[in-house]
Each structure stands twice: as C-alpha cells, then as structure tokens.
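Peer 1: Pasting structure.cif here (mmCIF, C-alpha atoms (C1' of nucleotides)):
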data_model
loop_
_atom_site.label_atom_id
_atom_site.label_comp_id
_atom_site.auth_asym_id
_atom_site.auth_seq_id
_atom_site.Cartn_x
_atom_site.Cartn_y
_atom_site.Cartn_z
CA MET A 1 38.40 24.25 -7.27
CA GLU A 2 41.45 22.59 -5.83
CA SER A 3 39.76 20.64 -3.07
CA ALA A 4 38.50 17.12 -3.53
CA PHE A 5 35.41 18.08 -1.55
CA ASN A 6 34.46 20.63 -4.14
CA VAL A 7 35.23 18.29 -6.97
CA ILE A 8 33.03 15.48 -5.75
CA ALA A 9 30.21 17.91 -5.06
CA GLU A 10 29.29 17.56 -8.71
CA PRO A 11 27.02 14.60 -9.46
CA SER A 12 28.43 14.07 -12.94
CA ARG A 13 31.89 13.96 -11.53
CA ARG A 14 30.86 11.43 -8.92
CA ALA A 15 29.34 9.38 -11.71
CA ILE A 16 32.58 9.51 -13.65
CA LEU A 17 34.54 8.45 -10.61
CA GLY A 18 32.05 5.67 -10.12
CA LEU A 19 32.78 4.41 -13.60
CA LEU A 20 36.50 4.64 -13.07
CA ALA A 21 36.20 2.71 -9.85
CA SER A 22 35.86 -0.51 -11.78
CA SER A 23 38.34 0.11 -14.56
CA GLU A 24 40.00 2.74 -16.66
CA ARG A 25 37.87 4.21 -19.42
CA SER A 26 38.17 6.28 -22.52
CA VAL A 27 36.38 9.59 -22.82
CA GLN A 28 34.05 8.10 -25.33
CA GLU A 29 33.10 5.28 -23.04
CA ILE A 30 32.24 7.70 -20.28
CA GLU A 31 30.36 9.86 -22.69
CA GLN A 32 28.21 6.96 -23.83
CA ARG A 33 27.59 5.35 -20.49
CA LEU A 34 26.63 8.55 -18.75
CA HIS A 35 24.83 10.10 -21.70
CA MET A 36 26.62 13.37 -21.46
CA PRO A 37 28.07 15.51 -24.23
CA GLN A 38 31.73 15.00 -24.93
CA PRO A 39 32.89 18.50 -24.01
CA SER A 40 31.25 18.09 -20.64
CA VAL A 41 33.09 14.87 -20.05
CA SER A 42 36.38 16.42 -21.05
CA LYS A 43 35.81 19.39 -18.83
CA HIS A 44 34.90 17.31 -15.85
CA LEU A 45 37.88 15.11 -16.45
CA ARG A 46 40.02 18.21 -16.56
CA VAL A 47 38.75 19.28 -13.17
CA LEU A 48 39.23 15.79 -11.82
CA ARG A 49 42.74 15.66 -13.12
CA ASP A 50 43.66 19.06 -11.76
CA ALA A 51 42.49 17.92 -8.38
CA GLY A 52 44.54 14.74 -8.70
CA LEU A 53 41.53 12.48 -8.69
CA VAL A 54 42.28 10.90 -12.02
CA GLU A 55 45.21 10.47 -14.34
CA SER A 56 45.30 9.66 -18.00
CA ARG A 57 47.41 7.62 -20.30
CA VAL A 58 47.50 7.70 -24.05
CA ASP A 59 46.26 4.83 -26.14
CA ALA A 60 46.30 5.73 -29.81
CA GLN A 61 43.91 8.64 -30.19
CA ARG A 62 42.20 7.69 -27.00
CA ARG A 63 42.99 8.89 -23.58
CA LEU A 64 42.37 6.30 -20.93
CA TYR A 65 41.53 7.74 -17.58
CA ARG A 66 41.97 5.98 -14.32
CA LEU A 67 41.38 6.78 -10.73
CA ARG A 68 43.90 8.22 -8.32
CA PRO A 69 42.69 7.47 -4.83
CA GLU A 70 44.76 9.88 -2.76
CA PRO A 71 42.35 12.81 -2.67
CA LEU A 72 39.51 10.49 -1.80
CA MET A 73 41.59 9.24 1.08
CA GLU A 74 41.56 12.76 2.44
CA VAL A 75 37.82 12.80 2.32
CA ASP A 76 37.79 9.46 4.01
CA ALA A 77 40.12 10.77 6.67
CA TRP A 78 37.87 13.73 7.31
CA LEU A 79 34.86 11.45 7.52
CA SER A 80 36.55 9.26 10.06
CA ALA A 81 36.09 11.99 12.63
CA PHE A 82 32.37 11.33 12.38
CA ARG A 83 32.27 7.65 11.70
CA HIS A 84 31.90 6.78 15.36
CA PHE A 85 28.41 8.21 15.10
CA TRP A 86 27.27 5.23 13.16
CA SER A 87 30.00 2.65 12.90
CA ALA A 88 29.35 1.34 16.37
CA GLN A 89 27.03 -1.19 14.91
CA VAL A 90 28.27 -3.44 12.15
CA ASP A 91 24.76 -3.24 10.78
CA ALA A 92 25.67 0.06 9.30
CA LEU A 93 28.35 -1.46 7.15
CA GLU A 94 25.92 -3.99 5.86
CA ARG A 95 23.52 -1.27 4.92
CA HIS A 96 26.30 0.53 3.13
CA LEU A 97 26.97 -2.54 1.11
CA ASP A 98 23.32 -2.89 0.29
CA ARG A 99 23.16 0.61 -1.00
CA MET A 100 26.42 0.21 -2.80
CA HIS A 101 25.08 -2.64 -4.80
CA GLN A 102 22.08 -0.68 -5.90
CA GLU A 103 24.14 1.97 -7.59
CA PRO A 104 23.79 2.33 -11.33
CA GLN A 105 27.44 2.22 -12.28
CA GLY A 106 27.63 -1.42 -13.22
CA GLU A 107 29.94 -3.07 -15.67
CA GLY A 108 27.49 -4.58 -18.07
CA ASP A 109 26.02 -2.94 -21.11
CA ASN A 110 22.78 -1.28 -20.46
CA GLU A 111 21.77 -0.16 -23.88
CA MET B 112 21.98 22.75 -2.33
CA GLU B 113 20.18 19.70 -1.08
CA SER B 114 23.02 17.22 -1.32
CA ALA B 115 25.38 16.52 1.53
CA PHE B 116 28.22 16.51 -0.97
CA ASN B 117 27.56 20.10 -1.86
CA VAL B 118 27.14 21.09 1.73
CA ILE B 119 30.44 19.68 2.89
CA ALA B 120 32.21 21.25 -0.04
CA GLU B 121 32.36 24.45 1.99
CA PRO B 122 35.37 24.65 4.32
CA SER B 123 33.54 26.72 6.91
CA ARG B 124 30.80 24.16 6.99
CA ARG B 125 33.25 21.34 7.44
CA ALA B 126 34.78 23.30 10.28
CA ILE B 127 31.40 23.70 11.91
CA LEU B 128 30.69 20.01 11.55
CA GLY B 129 34.09 19.35 13.01
CA LEU B 130 33.15 21.34 16.07
CA LEU B 131 29.84 19.59 16.40
CA ALA B 132 31.53 16.23 16.17
CA SER B 133 32.65 16.54 19.77
CA SER B 134 29.56 18.12 21.27
CA GLU B 135 26.61 20.34 20.62
CA ARG B 136 27.37 24.04 20.46
CA SER B 137 25.64 27.36 20.48
CA VAL B 138 25.93 29.73 17.58
CA GLN B 139 28.04 32.03 19.66
CA GLU B 140 30.45 29.29 20.53
CA ILE B 141 30.93 28.43 16.89
CA GLU B 142 31.29 32.09 16.03
CA GLN B 143 34.06 32.54 18.55
CA ARG B 144 35.94 29.35 17.93
CA LEU B 145 35.98 29.74 14.18
CA HIS B 146 36.35 33.52 14.15
CA MET B 147 33.59 34.05 11.73
CA PRO B 148 30.86 36.67 11.77
CA GLN B 149 27.62 35.63 13.36
CA PRO B 150 25.45 35.97 10.26
CA SER B 151 27.82 33.70 8.42
CA VAL B 152 27.51 31.09 11.10
CA SER B 153 23.75 31.31 11.08
CA LYS B 154 23.61 31.03 7.36
CA HIS B 155 25.88 28.04 7.24
CA LEU B 156 23.88 26.42 9.98
CA ARG B 157 20.78 27.04 7.97
CA VAL B 158 22.24 25.24 5.02
CA LEU B 159 23.43 22.42 7.22
CA ARG B 160 20.04 22.08 8.76
CA ASP B 161 18.21 22.12 5.46
CA ALA B 162 20.43 19.29 4.33
CA GLY B 163 19.73 17.39 7.51
CA LEU B 164 23.29 17.53 8.72
CA VAL B 165 22.49 19.28 11.97
CA GLU B 166 19.51 19.85 14.16
CA SER B 167 18.93 22.45 16.83
CA ARG B 168 17.30 22.61 20.16
CA VAL B 169 16.37 25.68 22.12
CA ASP B 170 18.12 26.59 25.33
CA ALA B 171 16.93 29.98 26.56
CA GLN B 172 17.92 32.48 23.91
CA ARG B 173 20.52 30.11 22.60
CA ARG B 174 20.10 27.54 19.95
CA LEU B 175 22.21 24.49 20.51
CA TYR B 176 23.15 22.70 17.36
CA ARG B 177 24.13 19.10 17.14
CA LEU B 178 25.14 16.76 14.42
CA ARG B 179 22.85 14.45 12.49
CA PRO B 180 25.00 11.73 10.98
CA GLU B 181 22.67 10.30 8.34
CA PRO B 182 23.75 12.45 5.40
CA LEU B 183 27.36 11.79 6.21
CA MET B 184 26.61 8.11 6.13
CA GLU B 185 25.57 8.55 2.54
CA VAL B 186 28.89 10.12 1.76
CA ASP B 187 30.58 7.29 3.56
CA ALA B 188 28.56 4.81 1.55
CA TRP B 189 29.60 6.43 -1.67
CA LEU B 190 33.21 6.42 -0.59
CA SER B 191 33.09 2.76 0.22
CA ALA B 192 32.99 2.03 -3.49
CA PHE B 193 36.55 3.37 -3.63
CA ARG B 194 37.91 2.38 -0.32
CA HIS B 195 39.40 -0.81 -1.63
CA PHE B 196 41.88 1.34 -3.48
CA TRP B 197 43.65 2.15 -0.28
CA SER B 198 42.43 -0.32 2.25
CA ALA B 199 42.92 -3.93 1.32
CA GLN B 200 41.67 -5.02 4.68
CA VAL B 201 38.37 -3.25 4.53
CA ASP B 202 37.99 -4.64 1.07
CA ALA B 203 38.40 -8.14 2.34
CA LEU B 204 35.89 -7.54 5.07
CA GLU B 205 33.41 -6.17 2.60
CA ARG B 206 33.75 -9.19 0.40
CA HIS B 207 33.31 -11.39 3.39
CA LEU B 208 30.10 -9.71 4.48
CA ASP B 209 28.99 -9.63 0.90
CA ARG B 210 29.28 -13.37 0.65
CA MET B 211 27.45 -13.82 3.92
CA HIS B 212 24.55 -11.82 2.62
CA GLN B 213 24.04 -13.21 -0.82
CA GLU B 214 20.49 -12.35 -1.55
CA PRO B 215 18.43 -12.32 -4.71
CA GLN B 216 18.29 -8.63 -5.33
CA GLY B 217 16.15 -7.81 -8.33
CA GLU B 218 17.25 -4.30 -9.09
CA GLY B 219 18.92 -3.75 -12.38
CA ASP B 220 20.44 -0.56 -13.56
CA ASN B 221 18.50 2.59 -13.29
CA GLU B 222 19.37 6.01 -14.59
"C1'" DC C 223 6.86 46.67 29.09
"C1'" DA C 224 11.76 48.11 28.25
"C1'" DG C 225 16.14 46.88 27.23
"C1'" DG C 226 19.56 43.64 26.13
"C1'" DT C 227 21.36 39.45 24.27
"C1'" DA C 228 21.26 35.71 20.98
"C1'" DT C 229 20.08 34.31 16.55
"C1'" DA C 230 17.94 34.66 12.00
"C1'" DT C 231 16.91 36.83 7.65
"C1'" DG C 232 16.98 40.20 3.62
"C1'" DC C 233 19.49 42.52 0.35
"C1'" DC C 234 23.42 43.46 -2.51
"C1'" DG C 235 27.53 42.67 -5.19
"C1'" DC C 236 30.77 39.59 -6.76
"C1'" DA C 237 32.99 35.62 -8.21
"C1'" DA C 238 32.84 30.81 -9.55
"C1'" DC C 239 30.85 27.24 -11.92
"C1'" DA C 240 28.18 24.29 -15.17
"C1'" DG C 241 26.13 23.68 -19.66
"C1'" DG C 242 26.09 24.57 -24.56
"C1'" DT C 243 28.11 25.37 -29.01
"C1'" DA C 244 31.76 26.02 -31.97
"C1'" DT C 245 36.40 25.28 -32.87
"C1'" DA C 246 41.14 23.77 -32.12
"C1'" DT C 247 44.38 20.06 -31.41
"C1'" DT C 248 46.20 15.47 -31.63
"C1'" DC C 249 46.85 11.19 -33.69
"C1'" DG C 250 46.32 7.20 -36.81
"C1'" DC C 251 45.64 5.59 -41.37
"C1'" DC C 252 45.57 5.50 -46.32
"C1'" DG D 253 49.96 15.17 -46.70
"C1'" DG D 254 45.01 14.94 -46.12
"C1'" DC D 255 41.09 13.03 -43.89
"C1'" DG D 256 38.49 11.39 -40.10
"C1'" DA D 257 38.09 10.02 -35.34
"C1'" DA D 258 38.96 11.18 -30.50
"C1'" DT D 259 39.67 14.62 -27.27
"C1'" DA D 260 40.56 19.30 -25.57
"C1'" DT D 261 39.76 24.17 -25.22
"C1'" DA D 262 37.55 28.96 -25.86
"C1'" DC D 263 33.79 31.67 -25.41
"C1'" DC D 264 29.36 32.96 -23.81
"C1'" DT D 265 25.53 32.85 -20.61
"C1'" DG D 266 22.47 31.83 -16.77
"C1'" DT D 267 22.59 30.49 -12.16
"C1'" DT D 268 24.11 29.95 -7.69
"C1'" DG D 269 26.68 30.47 -3.65
"C1'" DC D 270 29.21 33.29 -0.40
"C1'" DG D 271 30.54 37.40 2.16
"C1'" DG D 272 29.28 41.70 4.31
"C1'" DC D 273 26.13 44.72 6.26
"C1'" DA D 274 21.85 46.15 8.14
"C1'" DT D 275 17.87 44.76 10.24
"C1'" DA D 276 14.32 41.76 12.04
"C1'" DT D 277 12.79 38.30 15.32
"C1'" DA D 278 12.91 35.57 19.63
"C1'" DC D 279 13.62 35.21 24.26
"C1'" DC D 280 15.19 36.38 28.91
"C1'" DT D 281 15.45 39.63 32.81
"C1'" DG D 282 14.24 43.25 35.61
#
As a first step, turn the structure in this file into structure tokens.
Peer 2:
Amino acid sequence: MESAFNVIAEPSRRAILGLLASSERSVQEIEQRLHMPQPSVSKHLRVLRDAGLVESRVDAQRRLYRLRPEPLMEVDAWLSAFRHFWSAQVDALERHLDRMHQEPQGEGDNE
Amino acid sequence: MESAFNVIAEPSRRAILGLLASSERSVQEIEQRLHMPQPSVSKHLRVLRDAGLVESRVDAQRRLYRLRPEPLMEVDAWLSAFRHFWSAQVDALERHLDRMHQEPQGEGDNE
DNA sequence: CAGGTATATGCCGCAACAGGTATATTCGCC
DNA sequence: GGCGAATATACCTGTTGCGGCATATACCTG
C-alpha cells in the first residue's frame, strides 16, 4: 500500500481523513459518524497510520487519531505540476471553496 | 474505477499524466519514454480516458493524447480541505475569499 | 488491394484489497 | 482479579486490477 495515492483512493479513507481534518477523533466517533463497522474503521486507520497519514495517542481506553499532513503534501506537490491548467483564473479557487463547503464532513451532529 | 483518485493511484498512470502535462503525446512516445509495453500504455490510457483524465485526437495512424484537467481539479478541491495544515498563507487567502463570498447556502449534510 | 505501422482489445493468471465475522487485546473500574 | 467497554487483529471470501502475450482493428502508403 505504502503510497499516499493508493491510500486516499479509498472513499472510506478519504471520509476518515475528512473527519480528522477538523479535529482528532476516537475510533468510536468515526464509526458512528461514518456509519461503518468498527473493524473496518480500525483497519482503515491501520492503513492510514502505516502510510503516515494519521497518528494516534492514547486516552484511557480510547485511541485518538489525528492527521499527519506530510503524505498529503506529496500529493499536493504532484498536483502542482498540473495546477497551471486551471489555476490561471482565481475563479477556480472560488469554485473549489464552494464545493468544499458542500462536503458532508461537518462538525455538527447529524443524527 | 470511475474515480480520479483510483486512477491516479497507479504509478504508471501518474507517469503518463506527468508526460501529458507538458504536451500531447502519441502512444508510441509514451511507450518509449516510460519504457513500458505498448498494450500497457494503451490500457492505462483507456482507463485514463474513461475517467475523463485524458482525451485523444487522431493524427494519421497515431492517436495523440492530451490532458483533461477537470478530474484533477476535484482532487485538488478535496486536498484544499487539508492544505491549511501546511500552508498558512493559502489558508488565510481561503478565509479571505470565503468572507467575500458569504452567501446563504441551503445545503445541509447529506450522506 | 497488399503490406506495414500504430493502436486497441481479449484472455489468462496472479496478487492485492475490501468487507464481514469472530476473536483477541488493552485498559479502566469496582 | 473479574467484568465491560474500546480497539485491534485473524481468517475467509469475492472482486478487481495489473501484467504479459497474442491478436484484432484502424489507417496510411504504394
């Protein structure tokens, strides 16, 4: 798996990273917010950790996971070779923001 | 395959996109520059095309492939949710534009 | 139309991965 | 120490993706 590109190919993993973008979370929190079985979450977190995309710290019986940005920086660096295709116009950035704000990974409770 | 994230998970495919970043290329050109067998190149190009990452035009017996940036913009958009982790400046700019574009957006969370 | 070049596709085998279920481990608390 | 909660791992299975090879298709040229 190794590569961050492979790791973020998985939608569930992107969702997890999306959650961790705002704050660190316990496994249970992720499990509940994303409606996925606990072993799945743990396995994805394992992959994410092996690839250096997250790290965990212990809090009682909980493990709190938080994001490690370095591997995503690599992806960003690779993307920058193509960004001139669209970044010429600042409009693009605005559209990005628009889309960003429509994404489902909010902070509030949704259940 | 569908998703651009899956498509760019493949190193060969990233290499091909890298080549196409500078200019359009024939299959043969890609084959030679990347030292990969022709069927491999064709197959990867097929995947790339199906995902909308490249398009081809006909030039005699050659097919010239060129990049289509839209799917990569999606990746970029997704990444922008994390970019503030390593780029304080971009973050500031985003917030700035965000403030400039305060709009009543009525979309809640979806699934 | 034949032959050649450029590209695409079909088939096969293999390895990797994701999901599910059951179980193991860790830790706090009484 | 035993129990329960939180998390991790093992095992199995179905699917999918990739590489290699052979072959088909498209198109140009003479």
Peer 1: Quick one: everything within 10 Å of D:DT277, counting all atoms listed in the file, minus sequence neighbours fewer than 2 positions away in the same chain. Send it as a list in words.
Peer 2: DT229, DA230 and DT231 of chain C; DT275 and DC279 of chain D
Peer 1: Assuming the chain letters and numbering stay as they are in my file, what does the PyMOL selection byres ((chain B and resi 170) around 12) actually select? List them as a list in words.
Peer 2: Glu135, Arg136, Ser137, Val138, Ser167, Arg168, Val169, Ala171, Gln172, Arg173, Arg174, Leu175 and Tyr176 of chain B; DA228 and DT229 of chain C; DA278, DC279 and DC280 of chain D
Peer 1: Quick one: which residues from chain C are at most 8 Å off chain A, using all atoms listed in the file, as a ChimeraX atom specification?
Peer 2: /C:241,248-250
Peer 1: Can you pull out the residues contacting B:Val186? Cut-off 8 Å, using all atoms listed in the file, and skip same-chain residues under 4 positions away; I want them as number ranges by chain.
Peer 2: B: 115-116, 182, 190
Peer 1: Go ahead and compute the interatomic distance for atom CA of B:Gly129 and atom C1' of C:DC236, in Å to one decimal.
Peer 2: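 Atom-to-atom, atom CA of B:Gly129 to atom C1' of C:DC236, that is 28.5 Å.
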Peer 1: To verify the selection step, state as a PyMOL selection string which residues the PyMOL selection byres ((chain D and resi 253) around 12) yields on this input.
Peer 2: (chain C and resi 251-252) or (chain D and resi 254-255)
Peer 1: Just how far from atom CA of B:Leu183 is atom CA of A:Ala15, in Å to one decimal?
Peer 2: 18.2 Å
Peer 1: Please, which residues of chain D lie no more than 10 Å from chain A when the count uses only C-alpha atoms (C1' of nucleotides), and can they be set out as a PyMOL selection string?
Peer 2: chain D and resi 257-261
Peer 1: Could you spell out the hits of the PyMOL selection byres ((chain B and resi 159-165) around 6) on the shown file, as a list in words?
Peer 2: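 Answer for the PyMOL selection byres ((chain B and resi 159-165) around 6): Glu113, Leu156, Arg157, Val158, Glu166, Arg177, Leu178 and Arg179 of chain B.
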Peer 1: What's the 12 Å shell around C:DC233, counting all atoms listed in the file, without same-chain residues fewer than 4 positions away, as a list in words?
Peer 2: DG272, DC273, DA274 and DT275 of chain D
Peer 1: Ranking B:Arg124, B:Ala188, B:His195, B:Leu145 by minimum distance to chain A and counting all atoms listed in the file, which one comes first?
Peer 2: B:Ala188
Peer 1: Between B:Ser191, B:Ser134, B:Ser123, B:Gln143, which is the closest to chain A once you count only C-alpha atoms?
Peer 2: B:Ser191
Peer 1: Could you tell me how far atom C1' of C:DA240 lies from atom CA of B:Glu185, in Å and to one decimal?
Peer 2: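 Those two atoms sit 23.8 Å apart.
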Peer 1: Using only C-alpha atoms, pick whichever of B:Arg194, B:Leu128, B:Asn117, B:Glu181 has the shortest atom-to-atom distance to chain A.
Peer 2: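 Ranked by minimum distance to chain A, first place goes to B:Asn117.
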Peer 1: Taking all atoms listed in the file into account, which of A:Leu20, A:Ser3, A:His35, A:Ala9 comes nearest chain B?
Peer 2: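 Ranked by minimum distance to chain B, first place goes to A:Ala9.
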